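Text of start.cif (mmCIF, C-alpha atoms and all ligand atoms) as supplied:
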data_final
loop_
_atom_site.label_atom_id
_atom_site.label_comp_id
_atom_site.auth_asym_id
_atom_site.auth_seq_id
_atom_site.Cartn_x
_atom_site.Cartn_y
_atom_site.Cartn_z
CA MET W 1 0.00 0.00 0.00
CA LYS W 2 1.03 3.57 -0.58
CA LEU W 3 1.18 6.08 2.25
CA THR W 4 1.58 9.76 1.43
CA ILE W 5 2.74 12.28 3.99
CA LEU W 6 1.69 15.88 3.34
CA GLY W 7 4.36 17.91 5.08
CA GLY W 8 6.86 15.18 4.24
CA GLY W 9 9.84 17.44 4.93
CA GLY W 10 8.74 17.73 8.56
CA PHE W 11 10.97 16.94 11.49
CA ARG W 12 8.79 14.11 12.86
CA VAL W 13 8.59 12.15 9.57
CA PRO W 14 11.49 9.83 10.56
CA LEU W 15 9.38 8.67 13.53
CA VAL W 16 6.72 7.45 11.12
CA TYR W 17 9.31 5.81 8.92
CA SER W 18 10.90 3.92 11.80
CA ALA W 19 7.44 2.66 12.82
CA LEU W 20 6.89 1.46 9.23
CA LEU W 21 10.25 -0.32 9.22
CA ALA W 22 9.41 -1.99 12.55
CA ASP W 23 6.10 -3.27 11.15
CA ASP W 24 6.75 -6.89 10.11
CA ASP W 25 3.42 -6.95 8.35
CA ARG W 26 4.65 -4.36 5.80
CA LEU W 27 1.20 -2.89 5.40
CA ILE W 28 2.90 0.08 3.75
CA ASP W 29 5.61 -0.65 1.19
CA ARG W 30 5.63 2.73 -0.58
CA LEU W 31 6.08 5.98 1.26
CA CYS W 32 5.62 9.23 -0.67
CA LEU W 33 6.77 12.46 0.93
CA TYR W 34 5.16 15.65 -0.33
CA ASP W 35 6.34 19.10 0.73
CA THR W 36 6.47 22.58 -0.74
CA ASP W 37 10.11 22.90 0.37
CA PRO W 38 12.56 20.75 -1.66
CA VAL W 39 15.43 21.39 0.76
CA ARG W 40 13.53 20.00 3.73
CA LEU W 41 12.49 17.03 1.60
CA ARG W 42 16.10 16.31 0.72
CA VAL W 43 17.18 16.44 4.36
CA VAL W 44 14.44 14.09 5.54
CA GLU W 45 15.18 11.77 2.63
CA SER W 46 18.78 11.41 3.81
CA VAL W 47 17.69 10.69 7.39
CA LEU W 48 15.36 7.95 6.10
CA ALA W 49 18.01 6.46 3.82
CA GLN W 50 20.30 6.08 6.83
CA MET W 51 17.50 4.57 8.90
CA GLN W 52 16.82 2.05 6.14
CA ALA W 53 20.54 1.18 5.96
CA ALA W 54 20.54 0.55 9.70
CA HIS W 55 17.58 -1.86 9.34
CA PRO W 56 18.48 -3.99 6.32
CA SER W 57 15.41 -5.96 5.31
CA PRO W 58 14.48 -8.10 2.30
CA LYS W 59 11.29 -6.03 2.06
CA PRO W 60 12.31 -2.37 2.19
CA VAL W 61 9.84 0.50 2.42
CA LYS W 62 10.43 2.42 -0.80
CA VAL W 63 10.62 6.20 -0.39
CA GLU W 64 9.76 8.74 -3.06
CA VAL W 65 9.69 12.53 -2.66
CA THR W 66 7.79 15.14 -4.63
CA THR W 67 6.75 18.79 -4.58
CA ASP W 68 3.79 18.03 -6.86
CA LEU W 69 0.53 17.46 -4.96
CA PRO W 70 -1.37 15.50 -7.66
CA THR W 71 1.58 13.10 -8.03
CA ALA W 72 1.70 12.64 -4.26
CA LEU W 73 -2.01 11.88 -3.96
CA THR W 74 -2.45 9.62 -6.99
CA GLY W 75 -2.68 5.97 -5.99
CA ALA W 76 -2.53 6.73 -2.25
CA ASP W 77 -4.23 4.31 0.13
CA PHE W 78 -3.53 6.40 3.22
CA VAL W 79 -2.56 10.02 3.68
CA PHE W 80 -1.02 11.58 6.75
CA SER W 81 -1.58 15.28 6.80
CA ALA W 82 1.03 17.11 8.86
CA ILE W 83 1.40 20.50 7.27
CA ARG W 84 2.46 23.79 8.84
CA VAL W 85 0.90 26.57 6.80
CA GLY W 86 2.99 29.73 7.13
CA GLY W 87 5.88 27.85 8.72
CA LEU W 88 7.38 28.55 12.14
CA GLU W 89 7.52 32.21 11.15
CA SER W 90 3.73 32.41 11.39
CA ARG W 91 3.75 30.39 14.61
CA ILE W 92 6.02 33.06 16.09
CA ALA W 93 3.86 35.89 14.75
CA ASP W 94 0.78 34.32 16.42
CA GLU W 95 2.62 33.95 19.72
CA ARG W 96 4.04 37.48 19.71
CA ARG W 97 0.86 39.19 18.55
CA ALA W 98 -1.14 37.67 21.40
CA LEU W 99 1.53 38.20 24.06
CA ALA W 100 1.83 41.87 23.08
CA LEU W 101 -1.86 42.23 23.97
CA GLY W 102 -1.39 40.40 27.27
CA VAL W 103 -3.10 37.16 26.27
CA LEU W 104 -1.81 33.63 25.73
CA GLY W 105 0.59 33.22 22.80
CA GLN W 106 0.57 29.50 22.06
CA GLU W 107 0.40 27.34 18.95
CA THR W 108 -2.93 25.54 19.43
CA VAL W 109 -4.69 26.94 22.50
CA GLY W 110 -6.45 30.30 22.68
CA PRO W 111 -6.02 33.03 20.05
CA GLY W 112 -2.94 31.33 18.53
CA GLY W 113 -5.01 28.22 17.75
CA ILE W 114 -7.69 30.34 16.09
CA ALA W 115 -5.09 32.18 13.98
CA TYR W 116 -3.44 28.91 12.99
CA ALA W 117 -6.78 27.37 12.02
CA LEU W 118 -7.81 30.42 9.96
CA ARG W 119 -4.78 30.11 7.69
CA SER W 120 -4.65 26.30 7.58
CA ILE W 121 -8.27 25.38 6.89
CA PRO W 122 -8.41 26.70 3.29
CA VAL W 123 -5.20 24.79 2.45
CA ALA W 124 -6.38 21.58 4.15
CA LEU W 125 -9.67 21.78 2.26
CA GLU W 126 -7.91 22.26 -1.06
CA MET W 127 -5.80 19.18 -0.36
CA ALA W 128 -8.91 17.19 0.57
CA ARG W 129 -10.55 18.16 -2.74
CA GLU W 130 -7.45 17.16 -4.67
CA LEU W 131 -7.45 13.83 -2.85
CA ASN W 132 -11.07 13.27 -3.85
CA ARG W 133 -10.06 13.80 -7.48
CA ARG W 134 -6.98 11.53 -7.32
CA SER W 135 -7.77 8.82 -4.75
CA PRO W 136 -11.40 9.01 -3.70
CA GLU W 137 -11.16 5.97 -1.43
CA ALA W 138 -8.07 6.97 0.53
CA PHE W 139 -8.24 7.56 4.28
CA VAL W 140 -6.64 10.62 5.86
CA LEU W 141 -5.09 10.61 9.30
CA ASN W 142 -4.84 14.26 10.23
CA PHE W 143 -2.04 15.51 12.50
CA THR W 144 -2.20 19.09 11.30
CA ASN W 145 -2.90 21.36 14.24
CA PRO W 146 -5.18 22.55 15.63
CA ALA W 147 -6.15 18.94 14.95
CA GLY W 148 -9.76 19.10 16.18
CA MET W 149 -10.69 22.06 13.99
CA ILE W 150 -8.78 20.91 10.92
CA THR W 151 -10.33 17.43 11.13
CA GLU W 152 -13.81 18.89 11.54
CA ALA W 153 -13.31 21.18 8.54
CA MET W 154 -11.93 18.34 6.37
CA ARG W 155 -14.96 16.19 7.18
CA THR W 156 -17.05 18.40 4.90
CA GLU W 157 -15.01 17.03 1.96
CA LEU W 158 -14.02 13.59 3.24
CA GLY W 159 -16.74 12.50 5.69
CA HIS W 160 -15.67 9.45 7.69
CA ARG W 161 -12.48 9.17 5.59
CA VAL W 162 -10.67 11.63 7.87
CA VAL W 163 -9.75 10.97 11.47
CA GLY W 164 -7.66 13.25 13.71
CA ILE W 165 -4.75 12.08 15.80
CA CYS W 166 -3.06 13.57 18.83
CA ASP W 167 -0.44 11.82 20.91
CA THR W 168 -1.21 13.45 24.26
CA PRO W 169 -4.14 11.23 25.44
CA SER W 170 -2.40 7.95 24.61
CA GLY W 171 0.88 9.40 25.88
CA MET W 172 -0.77 10.05 29.22
CA PHE W 173 -2.24 6.60 29.74
CA ARG W 174 0.93 4.90 28.49
CA ARG W 175 3.00 6.85 31.02
CA LEU W 176 0.50 5.81 33.66
CA ALA W 177 0.80 2.15 32.64
CA THR W 178 4.60 2.38 32.71
CA HIS W 179 4.49 4.03 36.14
CA PHE W 180 2.54 1.07 37.56
CA ASP W 181 4.33 -1.49 35.40
CA VAL W 182 1.07 -2.61 33.78
CA ASP W 183 0.62 -3.55 30.10
CA ASP W 184 -1.17 -0.54 28.54
CA ASN W 185 -3.20 -2.85 26.29
CA ARG W 186 -4.97 -4.17 29.37
CA LEU W 187 -6.17 -0.75 30.53
CA ASN W 188 -9.78 0.25 30.21
CA ILE W 189 -9.64 3.95 29.42
CA ASP W 190 -12.22 6.57 30.36
CA TYR W 191 -11.10 9.75 28.54
CA VAL W 192 -13.34 12.56 27.34
CA GLY W 193 -12.77 15.93 25.70
CA LEU W 194 -11.87 17.90 22.63
CA ASN W 195 -8.38 17.97 21.14
CA HIS W 196 -5.94 19.52 23.65
CA LEU W 197 -8.82 19.85 26.12
CA GLY W 198 -9.58 16.53 27.78
CA TRP W 199 -9.55 14.51 30.97
CA LEU W 200 -8.40 10.99 31.78
CA ARG W 201 -10.96 10.14 34.44
CA HIS W 202 -10.27 6.45 34.96
CA ALA W 203 -7.81 3.83 33.73
CA THR W 204 -8.92 0.51 35.15
CA VAL W 205 -7.39 -2.93 35.13
CA GLY W 206 -9.44 -5.53 37.02
CA GLN W 207 -10.54 -3.88 40.27
CA ARG W 208 -7.77 -1.25 40.18
CA ASP W 209 -8.12 2.31 38.95
CA LEU W 210 -4.63 3.60 38.18
CA VAL W 211 -5.75 7.23 37.96
CA GLN W 212 -7.14 7.12 41.49
CA GLU W 213 -4.08 5.19 42.76
CA LEU W 214 -1.77 7.85 41.31
CA LEU W 215 -3.81 10.66 42.88
CA GLN W 216 -3.31 9.04 46.30
CA ASP W 217 0.44 8.70 45.86
CA ASP W 218 2.29 11.95 46.77
CA ASP W 219 5.69 11.03 45.39
CA GLY W 220 4.33 9.27 42.35
CA LEU W 221 2.19 12.26 41.39
CA ALA W 222 4.98 14.75 42.11
CA GLY W 223 7.20 12.90 39.62
CA PHE W 224 4.46 12.55 37.03
CA GLU W 225 4.29 15.01 34.15
CA GLU W 226 0.79 16.28 35.03
CA GLY W 227 1.78 16.63 38.70
CA GLN W 228 4.65 18.87 37.62
CA LEU W 229 2.59 20.92 35.22
CA PHE W 230 -0.48 21.49 37.39
CA GLY W 231 0.84 20.96 40.91
CA VAL W 232 0.03 17.88 42.98
CA ASP W 233 -2.64 19.67 45.04
CA TRP W 234 -4.61 20.84 42.04
CA VAL W 235 -4.64 17.47 40.28
CA ARG W 236 -5.82 15.86 43.49
CA GLN W 237 -8.47 18.51 44.07
CA LEU W 238 -9.72 18.00 40.52
CA GLY W 239 -9.86 14.24 41.06
CA THR W 240 -8.90 13.48 37.47
CA LEU W 241 -5.83 13.70 35.22
CA PRO W 242 -6.11 16.74 32.92
CA ASN W 243 -4.55 16.80 29.46
CA GLU W 244 -1.31 18.80 29.66
CA TYR W 245 -2.75 21.57 27.45
CA LEU W 246 -5.31 22.37 30.16
CA ALA W 247 -2.46 24.07 32.02
CA TYR W 248 -3.10 27.02 29.71
CA TYR W 249 -6.67 27.22 31.08
CA TYR W 250 -6.30 26.35 34.76
CA ASN W 251 -3.14 28.45 35.10
CA ASN W 252 -3.72 30.93 32.36
CA ARG W 253 -2.35 34.06 34.04
CA ASP W 254 0.73 32.23 35.31
CA ALA W 255 1.32 30.71 31.87
CA VAL W 256 1.04 34.07 30.10
CA ALA W 257 3.39 35.65 32.65
CA ALA W 258 5.88 32.78 32.41
CA ILE W 259 5.92 32.79 28.61
CA THR W 260 6.27 36.58 28.55
CA ARG W 261 9.29 36.37 30.88
CA GLN W 262 11.12 33.99 28.54
CA GLN W 263 13.53 35.43 26.03
CA GLN W 264 12.19 33.14 23.35
CA THR W 265 8.75 31.79 22.64
CA ARG W 266 8.43 28.09 21.81
CA GLY W 267 8.23 29.02 18.13
CA GLU W 268 11.38 31.14 18.31
CA TYR W 269 13.27 28.39 20.08
CA LEU W 270 12.19 25.82 17.50
CA ALA W 271 12.92 28.11 14.55
CA GLU W 272 16.50 28.41 15.72
CA GLN W 273 16.87 24.74 16.58
CA GLN W 274 15.24 23.44 13.40
CA ASP W 275 17.08 25.87 11.20
CA ARG W 276 20.35 24.62 12.57
CA PHE W 277 19.35 20.99 11.99
CA TYR W 278 18.29 21.41 8.35
CA ARG W 279 21.35 23.55 7.61
CA GLN W 280 23.81 21.14 9.20
CA VAL W 281 22.41 18.17 7.30
CA MET W 282 22.57 20.05 4.00
CA GLN W 283 26.24 20.71 4.68
CA ASP W 284 27.05 17.22 5.89
CA PRO W 285 24.43 14.69 4.73
CA GLY W 286 26.54 11.79 6.04
CA GLN W 287 25.57 12.81 9.60
CA ALA W 288 21.83 13.16 8.86
CA LEU W 289 20.58 10.42 11.19
CA ALA W 290 22.89 11.29 14.06
CA ARG W 291 21.94 14.97 13.82
CA TRP W 292 18.25 14.12 13.72
CA GLN W 293 18.55 11.93 16.81
CA SER W 294 20.24 14.59 18.89
CA ALA W 295 17.94 17.38 17.67
CA ARG W 296 14.96 15.23 18.54
CA ALA W 297 16.17 14.52 22.08
CA GLU W 298 16.72 18.25 22.58
CA ARG W 299 13.25 19.12 21.29
CA GLU W 300 11.49 16.57 23.51
CA ASP W 301 13.42 17.58 26.58
CA SER W 302 12.49 21.23 26.18
CA TYR W 303 8.79 20.54 25.64
CA MET W 304 6.55 22.91 27.67
CA ARG W 305 9.59 23.94 29.67
CA GLU W 306 8.34 27.54 29.89
CA ILE W 307 5.37 26.61 32.06
CA ARG W 308 6.85 23.66 33.96
CA ASP W 309 7.69 23.73 37.62
CA GLY W 310 11.48 23.42 37.43
CA GLU W 311 13.58 22.18 34.54
CA GLY W 312 12.53 19.78 31.77
CA ALA W 313 11.15 16.54 33.16
CA GLY W 314 13.39 14.52 30.90
CA THR W 315 10.47 12.17 30.30
CA GLU W 316 9.23 11.53 26.82
CA HIS W 317 5.95 13.42 26.65
CA GLY W 318 4.32 11.92 23.59
CA GLY W 319 2.78 8.50 23.30
CA GLY W 320 4.33 8.02 19.92
CA TYR W 321 1.76 9.45 17.54
CA GLU W 322 3.33 7.29 14.85
CA LYS W 323 2.25 4.20 16.80
CA VAL W 324 -1.35 5.41 17.12
CA ALA W 325 -1.32 6.18 13.39
CA LEU W 326 0.07 2.78 12.44
CA ASP W 327 -2.44 0.99 14.69
CA ALA W 328 -5.27 2.97 13.12
CA MET W 329 -4.07 2.15 9.58
CA HIS W 330 -3.88 -1.56 10.43
CA ALA W 331 -7.36 -1.57 11.91
CA ILE W 332 -8.81 0.19 8.83
CA ALA W 333 -6.84 -1.68 6.14
CA ARG W 334 -7.17 -5.17 7.64
CA ASN W 335 -10.51 -4.67 9.33
CA GLU W 336 -8.92 -5.62 12.66
CA ARG W 337 -11.01 -4.08 15.41
CA ALA W 338 -9.07 -1.82 17.75
CA THR W 339 -9.90 0.73 20.41
CA MET W 340 -8.00 4.01 20.49
CA ILE W 341 -8.49 7.66 21.39
CA LEU W 342 -9.06 9.66 18.21
CA ASN W 343 -10.70 12.83 16.94
CA VAL W 344 -13.98 11.88 15.27
CA ALA W 345 -17.49 13.23 14.80
CA ASN W 346 -19.37 13.12 18.08
CA GLY W 347 -22.52 11.41 16.81
CA SER W 348 -24.40 10.77 20.04
CA ALA W 349 -21.39 10.12 22.30
CA ILE W 350 -21.68 13.40 24.24
CA GLU W 351 -25.30 14.38 24.38
CA ALA W 352 -24.95 18.14 24.71
CA LEU W 353 -22.62 18.55 21.70
CA PRO W 354 -23.69 18.70 18.04
CA SER W 355 -23.38 15.36 16.26
CA GLU W 356 -20.99 16.73 13.59
CA ALA W 357 -18.68 18.28 16.23
CA VAL W 358 -15.30 16.56 16.31
CA VAL W 359 -14.46 15.28 19.80
CA GLU W 360 -11.50 13.35 21.23
CA VAL W 361 -12.76 10.14 22.82
CA PRO W 362 -12.10 6.38 22.78
CA CYS W 363 -13.20 4.97 19.42
CA LEU W 364 -13.77 1.62 17.82
CA VAL W 365 -11.76 1.41 14.60
CA ASP W 366 -12.24 -1.04 11.71
CA ALA W 367 -12.62 -1.02 7.92
CA GLY W 368 -15.57 1.36 8.28
CA GLY W 369 -13.34 3.96 9.96
CA ALA W 370 -13.55 5.15 13.56
CA ARG W 371 -16.71 5.48 15.63
CA PRO W 372 -16.88 6.94 19.14
CA LEU W 373 -17.71 4.58 21.97
CA ALA W 374 -20.27 5.58 24.57
CA VAL W 375 -18.73 7.85 27.23
CA ARG W 376 -19.87 8.84 30.70
CA ARG W 377 -21.26 12.35 30.88
CA PRO W 378 -18.56 15.00 31.50
CA ASP W 379 -18.99 16.98 34.75
CA PRO W 380 -20.48 20.50 34.51
CA ALA W 381 -17.14 22.33 34.39
CA GLN W 382 -15.77 19.98 31.73
CA LEU W 383 -18.94 20.13 29.67
CA GLY W 384 -19.21 23.91 29.99
CA LEU W 385 -15.68 24.40 28.73
CA MET W 386 -16.14 21.89 25.91
CA LEU W 387 -19.37 23.55 24.75
CA GLN W 388 -17.86 27.01 24.77
CA ILE W 389 -14.66 26.00 22.98
CA LYS W 390 -16.50 23.87 20.43
CA HIS W 391 -18.70 26.83 19.56
CA VAL W 392 -15.57 29.00 19.15
CA GLU W 393 -14.05 26.30 16.93
CA GLN W 394 -17.13 26.09 14.75
CA LEU W 395 -17.21 29.88 14.35
CA THR W 396 -13.54 29.74 13.37
CA ILE W 397 -14.21 27.09 10.72
CA GLN W 398 -17.01 29.21 9.29
CA ALA W 399 -14.81 32.31 9.40
CA ALA W 400 -12.11 30.46 7.46
CA THR W 401 -14.38 28.98 4.81
CA LYS W 402 -16.42 32.15 4.29
CA ARG W 403 -13.39 34.42 4.80
CA ASP W 404 -15.55 36.46 7.16
CA SER W 405 -13.66 38.75 9.52
CA GLY W 406 -16.78 39.37 11.63
CA LEU W 407 -16.98 35.69 12.44
CA ALA W 408 -13.26 35.62 13.25
CA TRP W 409 -13.79 38.53 15.66
CA GLU W 410 -16.76 36.73 17.25
CA ALA W 411 -14.73 33.51 17.67
CA LEU W 412 -11.83 35.38 19.28
CA SER W 413 -14.16 37.41 21.52
CA LEU W 414 -15.99 34.34 22.79
CA HIS W 415 -12.78 32.47 23.58
CA PRO W 416 -12.47 32.44 27.38
CA LEU W 417 -8.70 32.99 27.15
CA VAL W 418 -9.16 36.24 25.21
CA GLY W 419 -11.92 37.75 27.34
CA SER W 420 -12.10 41.12 25.57
CA THR W 421 -13.90 42.20 22.43
CA THR W 422 -11.36 44.98 21.86
CA ILE W 423 -8.34 42.70 22.13
CA ALA W 424 -10.21 40.25 19.90
CA LYS W 425 -10.81 43.05 17.39
CA SER W 426 -7.12 43.96 17.11
CA LEU W 427 -6.24 40.27 16.74
CA ALA W 428 -8.94 39.74 14.10
CA GLU W 429 -7.86 42.84 12.17
CA SER W 430 -4.24 41.78 11.98
CA LEU W 431 -5.27 38.26 10.93
CA THR W 432 -7.78 39.04 8.25
CA SER W 433 -6.41 42.28 6.78
C1 LIG I 1 2.33 17.54 21.37
C2 LIG I 1 1.00 17.79 20.74
C3 LIG I 1 1.13 18.11 19.29
C4 LIG I 1 2.06 19.28 19.11
C5 LIG I 1 3.37 19.05 19.81
C6 LIG I 1 4.12 20.38 19.86
O1 LIG I 1 2.89 16.38 20.85
O2 LIG I 1 0.12 16.72 20.90
O3 LIG I 1 -0.14 18.39 18.78
O4 LIG I 1 2.29 19.50 17.74
O5 LIG I 1 3.20 18.63 21.12
O6 LIG I 1 5.45 20.14 19.96
P1 LIG I 1 6.50 21.29 19.57
O7 LIG I 1 7.80 20.63 19.79
O8 LIG I 1 6.22 21.68 18.15
O9 LIG I 1 6.23 22.44 20.52
MN MN I 2 -1.70 17.21 19.75
#

What's the C-alpha cells form of this structure?
Ligand code: G6P
Ligand code: MN
Amino acid sequence: MKLTILGGGGFRVPLVYSALLADDDRLIDRLCLYDTDPVRLRVVESVLAQMQAAHPSPKPVKVEVTTDLPTALTGADFVFSAIRVGGLESRIADERRALALGVLGQETVGPGGIAYALRSIPVALEMARELNRRSPEAFVLNFTNPAGMITEAMRTELGHRVVGICDTPSGMFRRLATHFDVDDNRLNIDYVGLNHLGWLRHATVGQRDLVQELLQDDDGLAGFEEGQLFGVDWVRQLGTLPNEYLAYYYNNRDAVAAITRQQQTRGEYLAEQQDRFYRQVMQDPGQALARWQSARAEREDSYMREIRDGEGAGTEHGGGYEKVALDAMHAIARNERATMILNVANGSAIEALPSEAVVEVPCLVDAGGARPLAVRRPDPAQLGLMLQIKHVEQLTIQAATKRDSGLAWEALSLHPLVGSTTIAKSLAESLTS
C-alpha cells in the first residue's frame, strides 16, 4: 500500500518511517513524501536512507519525494496530513501578537489556535478536494494542528475518511501504565474531551483504577508530568488527570506571565533549533541520522519547559503518535477491530454537543473507519468548557471557509482565554487584513 505524507519534509517524519520499518506486516511498502520545500524534503530523505541502511530488510519501504501534490495523492491508500501553513515564522507571529496584547501566545490553545486554524483550513480543504479527485477511497489521518478544527473542517469534503490524531491522550495513559508497570493494552480507558482539552478520568485494570491510585500517591504524582505541570494539590483537588494543554486554562495568568518572561517563545526556540538541523544536514548529509537523533532529544526535553515547575522533566511526553497512526491504519486496512483515542465526529457520544462536532474520545476502529464509543457524561465544568470551545471552533471554521472577519472577531471574543472584544478586534484585524 502507498502512504503519502503531506508535510513530508517535517521533522517528525522519521518517527513514522521507523514505525513502518518496525512493522513486520509491511502494510505500507511505498512511502511518498510531499512538501512545498525541496530542501527540507532532501534532508528528511537522507535521514530515512540512513535509517533504512541501519535496518536492512528483504522487504524495504520504498521512499519517493515530490513537490507536486497531484503526483503525491495519486494511488494513495492512506494520507497523513502534517502541514504547517505559514511555517514557524507564522507560529512566532501568532505567539508574539497575542503576548503583546497580554493574552496567551501558544500554537494551538487560545487566540494562537484560532489564527493557525484560519490560515490552515483553506489549504487543508484544497488538499482534501485534490485527494477526492486523485484517490477518492483513501483515508486521511490528520495531525495538522489545531487537529480538532482541521479534522472537523476536512470532514465536509471527506466524511468518515478523515480521522484526527493527537499523541497526548495515549501518551498520558501509556506513562500511567509504565508508572505502575502494567501492560497498557490491558487498561480500560475513560477519557473525554476535545483535542488539547480533555480529561483521563479512569484507567482501570481488574478492580484497580490507576488514575485514582496515582492521585493518592504523593511522590508518584509529584514525579508525574501532570503533577509537575499542574501541581500535585490541584490534580488531586480535581480528582482526574487533565490533558497537559489544560495548564493554559487552569493556570492561564501564570502561563502568560511565564511565557512573557522567557527570552524566546516556543516558536522562536524551534525556529533556531530546526534551522540549525536542516542547515547542518545540508552541509554534511553523512551525519543526517545522528543529527536528527540529537535534535529530537533536545526538542522533547524542552517541551513545555516555559510553564513547567522546574527544569525539563526529561520524560518523553508523547505516546508516539506514529504508533497510534500505524495501529489505526492496520485496523482500517485489515478490518482488525481496535480501540483508540481519536478525533472523530461526536454522533451521540456526548449528548450536549452537536453530532458533527469533532471530539477526542475512545473509538472503535475497523474497515468502516472510527466510531466513538459511549462515554460517561462529562462533569459541569468539563462540559461547559467543551461547549464554549466547540462553539468557538465552529465559528472559526465558518470564518475560514467564508473568509468572514466578523466571524473571526466573534470567535476570538468568545474564547475564554481572550476575554475582551477589543483585544479580539485587534487580533482579528491583523489576521484578516
Ligand atoms: C504535542 C501535541 C502536538 C504538538 C506538539 C508540539 O505532541 O500533541 O499536537 O504538535 O506537542 O510540539 P512542539 O515541539 O512543536 O512544541
Ligand atoms: Mn496534539

So which one's closest to Leu33 of chain W, W:Gly368, W:Pro58, W:Gly102, W:Gly7? Using all atoms listed in the file, please.
W:Gly7

Please identify every residue of chain W that has at least one atom no farther than 8 Å from an atom of ligand LIG 1 (chain I), counting only C-alpha atoms and all ligand atoms, and for each give the shortest atom pair and the distance in Å to one decimal, arranged by chain then increasing number, as a tab-separated table.
residue	atom	partner	partner_atom	distance
W:Glu107	CA	I:LIG1	O9	7.8
W:Thr108	CA	I:LIG1	O3	7.7
W:Phe143	CA	I:LIG1	O3	7.2
W:Thr144	CA	I:LIG1	O3	7.8
W:Asn145	CA	I:LIG1	O3	6.1
W:Pro146	CA	I:LIG1	O3	7.3
W:Ala147	CA	I:LIG1	O3	7.1
W:Cys166	CA	I:LIG1	O2	4.9
W:Asp167	CA	I:LIG1	O2	4.9
W:Thr168	CA	I:LIG1	O2	4.9
W:His196	CA	I:LIG1	O2	7.2
W:Arg266	CA	I:LIG1	O9	6.2
W:Gly267	CA	I:LIG1	O9	7.3
W:Leu270	CA	I:LIG1	O7	7.2
W:Arg299	CA	I:LIG1	O7	5.9
W:Glu300	CA	I:LIG1	O7	6.6
W:Ser302	CA	I:LIG1	O7	7.9
W:Tyr303	CA	I:LIG1	O7	5.9
W:Met304	CA	I:LIG1	O9	7.2
W:His317	CA	I:LIG1	O1	7.2
W:Gly318	CA	I:LIG1	O1	5.4
W:Tyr321	CA	I:LIG1	O1	7.8

Using all atoms listed in the file for the distances, tell me which of W:His179, W:Ala271, W:Phe78, W:Asp35 is nearest to Ile92 of chain W.
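Smallest distance to Ile92 of chain W is found for W:Ala271.
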
Between atom CA of Glu244 of chain W and atom CA of Leu197 of chain W, what is the distance in Å, rounded to a tenth?
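Going from atom CA of Glu244 of chain W over to atom CA of Leu197 of chain W, I get 8.4 Å.
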
What is the atom CA of Ile165 of chain W-atom CA of Ala325 of chain W distance in Å, reported with one decimal?
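Atom CA of Ile165 of chain W sits 7.2 Å away from atom CA of Ala325 of chain W.
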
Nearest to Val13 of chain W, restricted to all atoms listed in the file and choosing among W:Ala82, W:Cys363, W:Ala408, W:Ala53, comes out as W:Ala82

Please identify all polymer residues within 12 Å of segment 221-223 of chain W, counting only C-alpha atoms, omitting same-chain residues fewer than 4 positions from it, and present them as a ChimeraX atom specification.
/W:175-176,179-180,210-217,227-236,240-241,309-310,312-315

I need the residue nearest Ala333 of chain W from this list: W:Ala411, W:Thr67, W:Val256, W:Leu3. Use only C-alpha atoms for the distance.
W:Leu3
